[in-house]
There are 4 protein chains.
Amino acid sequence: MSHNTFGHIFRVTTWGESHGPAIGCVVDGTPPGIALSEADIQPFLDKRRPGQSKFTTQRQEPDQVKILSGVYEGKTTGTPIALTIENVDQRPKDYANIAAQFRPGHADIAYELKYGHRDPRGGGRSSARETAMRVAAGAIARKILGENVSIRGAMVALGSHWISRPRWDWDEVPKNPFFCPDPVAADAWESILESIRKQGSSLGAVIEITAEGVKPGLGAPIYSKLDADIAAALMSINAVKGVEIGDGFAAAASQGPDNADEMRMEDGRVVFLANHAGGILGGISTSQPIVVRFAVKPTSSILTPVRAVDKMGQEVDLTTKGRHDPCVGIRAVPVGEAMLACVLADHLLRHRAQNGDTPDEARLPNTRFL
Amino acid sequence: MSHNTFGHIFRVTTWGESHGPAIGCVVDGTPPGIALSEADIQPFLDKRRPGQSKFTTQRQEPDQVKILSGVYEGKTTGTPIALTIENVDQRPKDYANIAAQFRPGHADIAYELKYGHRDPRGGGRSSARETAMRVAAGAIARKILGENVSIRGAMVALGSHWISRPRWDWDEVPKNPFFCPDPVAADAWESILESIRKQGSSLGAVIEITAEGVKPGLGAPIYSKLDADIAAALMSINAVKGVEIGDGFAAAASQGPDNADEMRMEDGRVVFLANHAGGILGGISTSQPIVVRFAVKPTSSILTPVRAVDKMGQEVDLTTKGRHDPCVGIRAVPVGEAMLACVLADHLLRHRAQNGDTPDEARLPNTRFL
Amino acid sequence: MSHNTFGHIFRVTTWGESHGPAIGCVVDGTPPGIALSEADIQPFLDKRRPGQSKFTTQRQEPDQVKILSGVYEGKTTGTPIALTIENVDQRPKDYANIAAQFRPGHADIAYELKYGHRDPRGGGRSSARETAMRVAAGAIARKILGENVSIRGAMVALGSHWISRPRWDWDEVPKNPFFCPDPVAADAWESILESIRKQGSSLGAVIEITAEGVKPGLGAPIYSKLDADIAAALMSINAVKGVEIGDGFAAAASQGPDNADEMRMEDGRVVFLANHAGGILGGISTSQPIVVRFAVKPTSSILTPVRAVDKMGQEVDLTTKGRHDPCVGIRAVPVGEAMLACVLADHLLRHRAQNGDTPDEARLPNTRFL
Amino acid sequence: MSHNTFGHIFRVTTWGESHGPAIGCVVDGTPPGIALSEADIQPFLDKRRPGQSKFTTQRQEPDQVKILSGVYEGKTTGTPIALTIENVDQRPKDYANIAAQFRPGHADIAYELKYGHRDPRGGGRSSARETAMRVAAGAIARKILGENVSIRGAMVALGSHWISRPRWDWDEVPKNPFFCPDPVAADAWESILESIRKQGSSLGAVIEITAEGVKPGLGAPIYSKLDADIAAALMSINAVKGVEIGDGFAAAASQGPDNADEMRMEDGRVVFLANHAGGILGGISTSQPIVVRFAVKPTSSILTPVRAVDKMGQEVDLTTKGRHDPCVGIRAVPVGEAMLACVLADHLLRHRAQNGDTPDEARLPNTRFL
């Protein structure tokens, strides 16, 4: 069962509400002897932290993470690592008016129908604030994967405005408020989103995450396929409505010969001539880069009134107040990276469980992969 | 852990290879007292069965299911239901040449890298034949969901050729070899796919599955969101490369106000004015129809030679023989229905575990939902 | 997987070390709408708290629990309940000398062999301090079970000194420092244990826990039998070396007719004429009181020197310092109660998942059970 | 969840009823490349097979196991291994009279209360026949553990008649119908049990299982302790009412100094001077032999009439017919061995997941353990 837990060997359990005293997580299954301190985690939280540009919520949260267990003398002990972040900038009054009203596109009505009792302040448990703990866990997952694995994300579409792939430059990603790899698109997005923000509207986004250096053999048929676990992990991020691997939906529009990732040998190494599959075949990694994309819907909290109902079954016209992101997709980039890191770390350990520590390349003796 | 198992309360474990003596599954967690016989399962298997048109593999498999346990005097006992189907039309010789060669787009190389030893006959464990057991399990899941829940699927795109939504007619679905709800599109597809088939090529497809009558409250934050579990279930189907819920990737291109599913009251019932969310908010069902789509890549087995490598690290040019579907997407329709049914049945039982049997509508006393 | 988590629907994850800043747990799966505050939990922690008599460790820990999430306006919301207790009275210096030495009977050498790196202060993760969180979780489990279920524990043997069952009086349990239901035995134990304490030695104990008012039908064949889950839960308590249900090992010495729990009807109610089975048949509760016992070994930390080895492979003679319980079994009583409560709460929810909310008595229409 | 499944990486799911067409199991998570055929499994089934002496049920079942998947060219592929055994000697008529009556000590009433519908023939799912699949799975577990691990069981008490430990001789175990290691006791038991059998009565038993050669480090705090998982596995065997590790309940009666397993060095190897702990400290194996015992109650099916009730709430006097074992403990010996093997195999793989394949001995560089 996994209401608030994910992973099998590397397991993450999160807790906390948007306006409670704190949020936190327990990371279980980390191998022992890994150097770890708050300084390994904080930079990733800083990437996700709100209030860094006018395009993310103005809530001011330092998001300082504390390690409460599982690390001794600077190294993991293999026991559970508890992490917490205090909630600092709570303004529950902002939410007083929505306690009994159901905002369209929000989890309000769904939680009410499921539980009959909920914390409405800032979305309570369904707040995107919970994703801070995913980012924290992801930082630990990266340590397990090691330095040869590189997991990077970028926003590739703001609303219907896509980047130009030939202009893709990873170095551009940290230079603009969108994690955008295309400097020309980033410039254009600035004015587009500013206009949307002033209208009190919002935009969706598409995020792409790439993992390079992943060893072959991770994943497991039939119901723990690597792509299936990635799909669940990404779809569990707030506001995500679609996930695709490799060519994704475009693959559906292609013909067999065009979709083949043909192979040649080069210096004793298998070289794939394309990566339509996004690094995964039959649910198992092949050593090619893992490429995934996910679609984030526009922020449901908008400043224009929407027709809604309340807890008493009355019709209401509802205008959301509070502090919101005009494009929640932006801050989803570090979250997506973290979720992919967690899934890969879990599968690395799972693979080792069943298949041991023998170098996977050894299974094809004449062939190298990474 | 769930290598070959999925679900938490309603759990399905499958086993078997394409050319072994049989395939089977164990369905655990079914409530007791449900009327069940092979006749409840067989019709769904017949929909998925190969060899029914020239557009699916010509392998002739009667796919007769047998119930070996868990049913007594025509009703489930709550103990594990074992199902098996014999493999009848095995032709392992068709695959002799590929035992040591890695077909592009197939799981061959991935299994070899993971396990170092595999059954290459017909893809072994990675064969789409395994999906027969998903369909069988899905038939039991439907019995748990009850007659008020209707789960139906259709193919909405063959390659880049989409149906026209205004022509959608569920009655058309069983009348053509594509599960296509648009008779005009179905006609066009016939000639398109026939041409592709004669070329020895293949096409991708997009499938849409709808579940109506699902009670509100199913799903669970944060890591068992209903949409996350659906995404994993569909992504685990062979050849699937993308999954979306509701508007999916189109939501990413929209603005906030256009994506809002506004609400009004009508005769004491909450009426949603749109269903961009696809029936799920915050990972929890809302009573609106659940709408999901998944992208199936074109069959990787094609008759034109592709560049590949073999187990010895030698380059080979490989032409796939054997019997294949020019569009594996077609038979994915009943499989997608079954997977959605299984996820919903599991979440129905999970919801009851935590939240009891009180009518969910009772949680909002002035309001009806279904 | 469950390294530091137990339960399936009602799930408890604990974290923390004896001498870290705090210990804590996350309790997931609690039904919504249950009144809950720290005041519901604290009394059980107070029962387990050290330093209350000379027979438990003199470490002074107020063990004040804090609820950090999952409760809103005094009622559970169905989301994860995070609990923490600060560690106040840490004296890591007491343990400096044992950081590199392996105390016989302790987890030191086992942790070192498993992880290669561990927190040695006070036993780190393997400290009995962790059981405080079990007790806290157990208090929540009791709220789920409801007031009709009564779970009570008692110490029935101190070393080889057993109570007299005819003198069993539950009212005596809180009146002595042993949770002993027999006042005569309690008196005797006082001088026995005082003598053991002065010798720097320690004694084992047997604890018996009874759950009354448990509805029939809880448990699940074959590998989630109620007794199997109870056995695991109790065996996971520090220093426990044996578990038995009902007559337990004595049943092995009996003949079939003497072990039969015969049944008669009385006022439309099934009456069992004995309870050799301890309330569980075929892994499923029958409505009879559930009776379990577990054996606790004598505290391994003793003041007499023992022969041991250190991390460098050198022989050492080791005398444990620090603050210890001369009989760890005493404080195991509230822990055992808590573990039984947690298992029963989980199975109550699991049973409801598969078998619904229909009164179990209804299954035998002419018969009442509770 | 694990109604009918146990294990985490090495996972066993069983299905089938006593008088259905067959019983079976699915063994998932087995590492690839292990030589495996029916001949590796059959000898263990033959040890458990009924009808081999007058002291076990006279049901004649050849118990021929078939492997249906997961093995290719004589080696495991890492995919699920499906095993089945046909039920041959069904005599459902023997059970016609008990379909509506609840036999004391049997699962009849518990199943009825839980499910409201059950297969009464031979106990249905609760029949000890299910344990054949545990034995089959255990044979695979032994292959994973390797030849250096030796798991052996013996009956150490028949009713109240214990063996003499100084006479323990493993070579005697296969020479008598009791798996008794003491030839003198075996002789005495023969006449004792013959007398019991003729009276239509039955006797309990205590079984001891030892695992030698188990590497240190297996097990995991806090809720997957090796001893906790073993306790659950053994308690899940039919008719088991108690489990103990090492000194078990006797430890409770001892003093700290007497219970210490002191350590010395001998030729660079840690030598434990005793094994009161039964090979497990803090839930983790230490390299000492793992020693566990479990108590089996006397067979509940006896030929003397017992007072019972039926489904209509009527009192009945019930005499069991059918074919039964006068001491079910006898056939529990190979079952207990198998369960211990399965738990150890699972923990071996789990340990490798988190802690890798480095020799555990390497963690204490100056010290050898096995």
# chains A, B, ... in the order shown; residues from 1 in each chain; ligands from 1

call {"tool": "select_by_dssp", "arguments": {"residues": "region 137-361 of chain D", "states": "helix (DSSP H, G or I)", "output": "short mmCIF file (atom, residue, chain, number, x, y, z; two decimals) with C-alpha atoms, in the first residue's frame"}}
result
data_model
loop_
_atom_site.label_atom_id
_atom_site.label_comp_id
_atom_site.auth_asym_id
_atom_site.auth_seq_id
_atom_site.Cartn_x
_atom_site.Cartn_y
_atom_site.Cartn_z
CA ALA D 137 8.74 -22.82 -3.22
CA GLY D 138 11.18 -23.68 -0.47
CA ALA D 139 13.08 -25.94 -2.84
CA ILE D 140 13.66 -22.95 -5.12
CA ALA D 141 14.64 -20.81 -2.14
CA ARG D 142 17.32 -23.35 -1.25
CA LYS D 143 18.80 -23.01 -4.73
CA ILE D 144 19.07 -19.25 -4.19
CA LEU D 145 20.73 -19.70 -0.82
CA ARG D 165 19.36 -33.58 23.09
CA PRO D 166 22.58 -35.48 23.81
CA ARG D 167 21.27 -38.24 21.54
CA TRP D 170 20.74 -35.84 12.11
CA ASP D 171 21.29 -39.17 10.37
CA GLU D 172 18.41 -40.64 12.35
CA VAL D 173 15.89 -38.12 11.04
CA PRO D 174 15.05 -39.88 7.76
CA LYS D 175 15.03 -43.31 9.40
CA PRO D 183 16.35 -43.03 17.88
CA VAL D 184 15.29 -43.90 21.41
CA ALA D 185 12.56 -41.31 21.41
CA ALA D 186 11.47 -42.39 17.93
CA ASP D 187 10.91 -45.91 19.18
CA ALA D 188 8.88 -44.72 22.13
CA TRP D 189 6.82 -42.36 19.97
CA GLU D 190 5.86 -45.21 17.67
CA SER D 191 3.85 -46.94 20.34
CA ILE D 192 2.57 -43.73 21.90
CA LEU D 193 1.17 -42.43 18.64
CA GLU D 194 -0.17 -45.79 17.61
CA SER D 195 -2.19 -45.85 20.79
CA ILE D 196 -3.42 -42.31 20.22
CA ARG D 197 -4.36 -43.16 16.62
CA LYS D 198 -6.36 -46.17 17.71
CA GLN D 199 -8.22 -44.05 20.24
CA LEU D 226 14.71 -11.55 10.42
CA ASP D 227 13.18 -13.13 13.51
CA ALA D 228 9.90 -11.23 13.02
CA ASP D 229 9.61 -12.45 9.44
CA ILE D 230 10.48 -15.99 10.50
CA ALA D 231 7.87 -15.84 13.26
CA ALA D 232 5.19 -14.80 10.79
CA ALA D 233 6.24 -17.43 8.28
CA LEU D 234 6.11 -20.24 10.80
CA MET D 235 2.96 -19.01 12.55
CA PHE D 249 10.62 -18.82 26.30
CA ALA D 250 13.46 -20.32 28.34
CA ALA D 251 15.34 -17.03 27.88
CA ALA D 252 12.57 -15.29 29.78
CA GLY D 256 21.40 -11.67 32.02
CA PRO D 257 24.83 -13.23 32.56
CA ASP D 258 23.52 -16.70 31.70
CA ASN D 259 21.96 -15.46 28.51
CA GLY D 329 3.20 -31.90 13.40
CA ILE D 330 5.02 -34.68 11.55
CA ARG D 331 4.41 -33.30 8.09
CA ALA D 332 5.06 -29.79 9.39
CA VAL D 333 8.78 -30.56 9.49
CA PRO D 334 9.45 -30.14 5.74
CA VAL D 335 7.00 -27.24 5.68
CA GLY D 336 8.88 -25.42 8.43
CA GLU D 337 12.17 -26.00 6.64
CA ALA D 338 10.67 -24.57 3.46
CA MET D 339 9.30 -21.48 5.17
CA LEU D 340 12.63 -20.74 6.78
CA ALA D 341 14.36 -21.20 3.42
CA CYS D 342 11.94 -18.77 1.77
CA VAL D 343 12.43 -16.09 4.42
CA LEU D 344 16.20 -16.41 4.23
CA ALA D 345 16.24 -16.27 0.44
CA ASP D 346 14.08 -13.16 0.47
CA HIS D 347 16.31 -11.47 3.03
CA LEU D 348 19.44 -12.45 1.13
CA LEU D 349 18.10 -10.59 -1.90
CA ARG D 350 16.82 -7.70 0.19
CA HIS D 351 20.15 -7.34 1.90
CA ARG D 352 21.90 -7.25 -1.45
CA ALA D 353 19.48 -4.54 -2.57
CA GLN D 354 20.41 -2.09 0.14
CA ASN D 355 23.88 -3.19 1.03
CA ASP D 360 29.93 -8.90 4.67
CA GLU D 361 33.06 -10.11 6.29
#

call {"tool": "atom_distance", "arguments": {"atom1": "CA of Ile237 (chain A)", "atom2": "CA of Thr131 (chain A)"}}
result
7.5 Å

call {"tool": "interface_residues", "arguments": {"of": "chain B", "to": "chain D", "cutoff": "9 Å", "atoms": "only C-alpha atoms", "output": "PyMOL selection string"}}
result
chain B and resi 1-4+7-9+11+13-17+20-26+28-29+31-33+68-73+75-82+115-119+125

call {"tool": "residues_around", "arguments": {"residues": "Trp168 (chain C)", "least_positions_apart": "4", "cutoff": "8 Å", "atoms": "only C-alpha atoms", "output": "list in words"}}
result
Ile163, Ser164, Pro181 and Asp182 of chain C

call {"tool": "residues_around", "arguments": {"residues": "Ile109 (chain D)", "least_positions_apart": "5", "cutoff": "8 Å", "atoms": "only C-alpha atoms", "output": "ChimeraX atom specification"}}
result
/C:286 /D:102-103

call {"tool": "write_last_selection", "arguments": {"atoms": "C-alpha atoms", "output": "PDB file, in the first residue's frame"}}
result
ATOM      1  CA  THR C 286     -13.707 -15.778  16.011  1.00  0.00           C
TER       2      THR C 286
ATOM      3  CA  PHE D 102     -18.518 -25.925  12.253  1.00  0.00           C
ATOM      4  CA  ARG D 103     -15.841 -28.286  13.540  1.00  0.00           C
TER       5      ARG D 103
END

call {"tool": "atom_distance", "arguments": {"atom1": "CA of Gly105 (chain D)", "atom2": "CA of Ala128 (chain D)"}}
result
13.7 Å

call {"tool": "select_by_dssp", "arguments": {"residues": "region 155-192 of chain C", "states": "strand (DSSP E or B)", "output": "PyMOL selection string"}}
result
chain C and resi 155-158+161-162

call {"tool": "write_last_selection", "arguments": {"atoms": "all heavy atoms", "output": "short mmCIF file (atom, residue, chain, number, x, y, z; two decimals), in the first residue's frame"}}
result
data_model
loop_
_atom_site.label_atom_id
_atom_site.label_comp_id
_atom_site.auth_asym_id
_atom_site.auth_seq_id
_atom_site.Cartn_x
_atom_site.Cartn_y
_atom_site.Cartn_z
N MET C 155 2.29 -8.40 32.95
CA MET C 155 3.47 -9.26 33.05
C MET C 155 3.06 -10.49 33.85
O MET C 155 2.53 -10.36 34.96
CB MET C 155 4.59 -8.50 33.75
CG MET C 155 5.97 -9.03 33.40
SD MET C 155 7.24 -7.80 33.80
CE MET C 155 8.02 -8.65 35.16
N VAL C 156 3.27 -11.66 33.29
CA VAL C 156 2.82 -12.88 33.95
C VAL C 156 3.96 -13.71 34.52
O VAL C 156 3.73 -14.66 35.28
CB VAL C 156 1.93 -13.74 33.02
CG1 VAL C 156 0.63 -12.99 32.71
CG2 VAL C 156 2.65 -14.12 31.73
N ALA C 157 5.17 -13.38 34.11
CA ALA C 157 6.33 -14.04 34.74
C ALA C 157 7.49 -13.07 34.78
O ALA C 157 7.76 -12.38 33.80
CB ALA C 157 6.73 -15.31 33.98
N LEU C 158 8.15 -13.03 35.93
CA LEU C 158 9.42 -12.31 36.06
C LEU C 158 10.48 -13.39 36.23
O LEU C 158 10.47 -14.12 37.24
CB LEU C 158 9.42 -11.39 37.28
CG LEU C 158 10.77 -10.73 37.59
CD1 LEU C 158 11.08 -9.62 36.60
CD2 LEU C 158 10.81 -10.18 39.02
N HIS C 161 9.57 -16.74 37.79
CA HIS C 161 8.53 -16.57 38.82
C HIS C 161 7.21 -16.17 38.19
O HIS C 161 7.05 -15.02 37.76
CB HIS C 161 8.99 -15.51 39.83
CG HIS C 161 10.37 -15.77 40.35
ND1 HIS C 161 10.63 -16.67 41.36
CD2 HIS C 161 11.59 -15.31 39.95
CE1 HIS C 161 11.94 -16.73 41.59
NE2 HIS C 161 12.54 -15.91 40.75
N TRP C 162 6.28 -17.10 38.12
CA TRP C 162 5.00 -16.87 37.45
C TRP C 162 3.96 -16.37 38.45
O TRP C 162 4.00 -16.65 39.63
CB TRP C 162 4.51 -18.15 36.78
CG TRP C 162 5.27 -18.44 35.52
CD1 TRP C 162 6.54 -18.94 35.44
CD2 TRP C 162 4.82 -18.23 34.19
NE1 TRP C 162 6.92 -19.05 34.12
CE2 TRP C 162 5.89 -18.64 33.33
CE3 TRP C 162 3.64 -17.77 33.62
CZ2 TRP C 162 5.79 -18.57 31.93
CZ3 TRP C 162 3.54 -17.72 32.23
CH2 TRP C 162 4.60 -18.10 31.41
#

call {"tool": "residues_around", "arguments": {"residues": "Ser300 (chain B)", "least_positions_apart": "6", "cutoff": "10 Å", "atoms": "only C-alpha atoms", "output": "number ranges by chain"}}
result
A: 255-261; B: 103-106, 201-204, 239, 320, 324-328

call {"tool": "write_last_selection", "arguments": {"atoms": "all heavy atoms", "output": "compact mmCIF listing (two decimals), in the first residue's frame"}}
result
# COMPACT_ATOMS: atom_id res chain seq x y z
N GLN A 255 5.27 5.28 -38.43
CA GLN A 255 5.30 3.93 -38.99
C GLN A 255 6.46 3.14 -38.39
O GLN A 255 7.46 3.73 -37.97
CB GLN A 255 5.46 3.98 -40.50
CG GLN A 255 4.24 4.51 -41.22
CD GLN A 255 4.28 4.21 -42.71
OE1 GLN A 255 4.97 3.30 -43.15
NE2 GLN A 255 3.53 4.99 -43.47
N GLY A 256 6.32 1.83 -38.42
CA GLY A 256 7.32 0.96 -37.82
C GLY A 256 8.76 1.28 -38.20
O GLY A 256 9.61 1.46 -37.32
N PRO A 257 9.07 1.37 -39.49
CA PRO A 257 10.47 1.60 -39.84
C PRO A 257 11.01 2.93 -39.30
O PRO A 257 12.19 3.03 -38.95
CB PRO A 257 10.45 1.59 -41.38
CG PRO A 257 9.22 0.80 -41.73
CD PRO A 257 8.23 1.09 -40.65
N ASP A 258 10.16 3.93 -39.21
CA ASP A 258 10.61 5.23 -38.72
C ASP A 258 10.83 5.22 -37.21
O ASP A 258 11.48 6.12 -36.67
CB ASP A 258 9.57 6.31 -39.06
CG ASP A 258 9.32 6.36 -40.54
OD1 ASP A 258 10.25 6.11 -41.32
OD2 ASP A 258 8.15 6.63 -40.93
N ASN A 259 10.23 4.26 -36.55
CA ASN A 259 10.29 4.24 -35.09
C ASN A 259 11.38 3.30 -34.58
O ASN A 259 11.61 3.19 -33.38
CB ASN A 259 8.91 3.82 -34.54
CG ASN A 259 8.80 4.02 -33.05
OD1 ASN A 259 8.93 5.13 -32.56
ND2 ASN A 259 8.59 2.93 -32.33
N ALA A 260 12.05 2.62 -35.48
CA ALA A 260 13.08 1.65 -35.06
C ALA A 260 14.34 2.36 -34.57
O ALA A 260 14.81 3.29 -35.20
CB ALA A 260 13.43 0.74 -36.25
N ASP A 261 14.82 1.93 -33.43
CA ASP A 261 16.11 2.42 -32.94
C ASP A 261 17.17 1.41 -33.36
O ASP A 261 17.52 0.50 -32.60
CB ASP A 261 16.08 2.58 -31.41
CG ASP A 261 15.11 3.67 -30.96
OD1 ASP A 261 14.91 4.64 -31.71
OD2 ASP A 261 14.55 3.53 -29.85
N ARG B 103 16.33 -7.61 -31.77
CA ARG B 103 15.47 -6.85 -32.68
C ARG B 103 15.27 -5.42 -32.17
O ARG B 103 14.85 -5.24 -31.02
CB ARG B 103 14.10 -7.55 -32.78
CG ARG B 103 14.17 -8.95 -33.37
CD ARG B 103 12.86 -9.69 -33.17
NE ARG B 103 12.60 -9.90 -31.75
CZ ARG B 103 11.45 -10.33 -31.24
NH1 ARG B 103 10.43 -10.57 -32.07
NH2 ARG B 103 11.30 -10.50 -29.95
N PRO B 104 15.51 -4.42 -32.99
CA PRO B 104 15.27 -3.05 -32.54
C PRO B 104 13.82 -2.87 -32.10
O PRO B 104 12.89 -3.41 -32.72
CB PRO B 104 15.57 -2.22 -33.80
CG PRO B 104 16.54 -3.04 -34.57
CD PRO B 104 16.11 -4.46 -34.33
N GLY B 105 13.62 -2.11 -31.06
CA GLY B 105 12.27 -1.82 -30.57
C GLY B 105 11.67 -2.93 -29.72
O GLY B 105 10.62 -2.77 -29.13
N HIS B 106 12.36 -4.07 -29.67
CA HIS B 106 11.88 -5.19 -28.86
C HIS B 106 12.63 -5.23 -27.53
O HIS B 106 13.68 -4.61 -27.38
CB HIS B 106 12.06 -6.51 -29.59
CG HIS B 106 10.95 -6.81 -30.55
ND1 HIS B 106 9.75 -7.32 -30.17
CD2 HIS B 106 10.87 -6.62 -31.88
CE1 HIS B 106 8.97 -7.47 -31.21
NE2 HIS B 106 9.61 -7.05 -32.28
N SER B 201 5.00 -3.03 -43.20
CA SER B 201 5.26 -1.99 -42.21
C SER B 201 4.22 -2.08 -41.10
O SER B 201 3.51 -3.09 -40.96
CB SER B 201 5.21 -0.62 -42.91
OG SER B 201 5.57 0.41 -41.99
N SER B 202 4.13 -1.07 -40.28
CA SER B 202 3.18 -1.08 -39.17
C SER B 202 2.85 0.35 -38.79
O SER B 202 3.54 1.29 -39.17
CB SER B 202 3.80 -1.80 -37.96
OG SER B 202 4.98 -1.13 -37.54
N LEU B 203 1.78 0.50 -38.02
CA LEU B 203 1.32 1.82 -37.60
C LEU B 203 1.06 1.86 -36.10
O LEU B 203 0.66 0.85 -35.51
CB LEU B 203 0.01 2.20 -38.31
CG LEU B 203 0.11 2.82 -39.71
CD1 LEU B 203 -1.28 3.14 -40.23
CD2 LEU B 203 0.98 4.08 -39.71
N GLY B 204 1.24 3.03 -35.52
CA GLY B 204 0.87 3.26 -34.13
C GLY B 204 -0.61 3.56 -34.01
O GLY B 204 -1.36 3.54 -34.99
N ALA B 239 4.20 -1.80 -25.64
CA ALA B 239 4.27 -0.83 -26.74
C ALA B 239 3.63 0.53 -26.42
O ALA B 239 3.61 1.41 -27.27
CB ALA B 239 3.63 -1.39 -28.02
N THR B 320 12.34 -9.51 -39.45
CA THR B 320 11.52 -10.29 -38.54
C THR B 320 10.58 -11.19 -39.32
O THR B 320 9.91 -10.74 -40.26
CB THR B 320 10.70 -9.36 -37.65
OG1 THR B 320 11.58 -8.43 -37.05
CG2 THR B 320 9.96 -10.14 -36.58
N HIS B 324 2.65 -11.40 -36.96
CA HIS B 324 2.57 -10.17 -36.20
C HIS B 324 1.36 -9.33 -36.58
O HIS B 324 0.75 -9.50 -37.61
CB HIS B 324 3.86 -9.35 -36.39
CG HIS B 324 5.05 -10.10 -35.93
ND1 HIS B 324 5.33 -10.31 -34.62
CD2 HIS B 324 6.03 -10.73 -36.63
CE1 HIS B 324 6.43 -11.04 -34.50
NE2 HIS B 324 6.87 -11.31 -35.71
N ASP B 325 1.07 -8.40 -35.71
CA ASP B 325 -0.02 -7.45 -35.94
C ASP B 325 0.56 -6.22 -36.65
O ASP B 325 1.51 -5.64 -36.13
CB ASP B 325 -0.59 -6.96 -34.61
CG ASP B 325 -1.08 -8.09 -33.71
OD1 ASP B 325 -0.25 -8.82 -33.14
OD2 ASP B 325 -2.30 -8.22 -33.57
N PRO B 326 -0.06 -5.79 -37.76
CA PRO B 326 0.43 -4.55 -38.36
C PRO B 326 0.14 -3.33 -37.49
O PRO B 326 0.76 -2.30 -37.65
CB PRO B 326 -0.32 -4.46 -39.70
CG PRO B 326 -1.49 -5.38 -39.56
CD PRO B 326 -1.10 -6.43 -38.58
N CYS B 327 -0.79 -3.48 -36.56
CA CYS B 327 -1.07 -2.40 -35.60
C CYS B 327 -1.42 -3.03 -34.27
O CYS B 327 -2.55 -3.46 -34.04
CB CYS B 327 -2.22 -1.51 -36.11
SG CYS B 327 -2.70 -0.25 -34.89
N VAL B 328 -0.45 -3.11 -33.37
CA VAL B 328 -0.72 -3.74 -32.06
C VAL B 328 -1.72 -2.93 -31.25
O VAL B 328 -2.30 -3.43 -30.28
CB VAL B 328 0.56 -3.93 -31.20
CG1 VAL B 328 1.33 -5.14 -31.66
CG2 VAL B 328 1.41 -2.68 -31.19
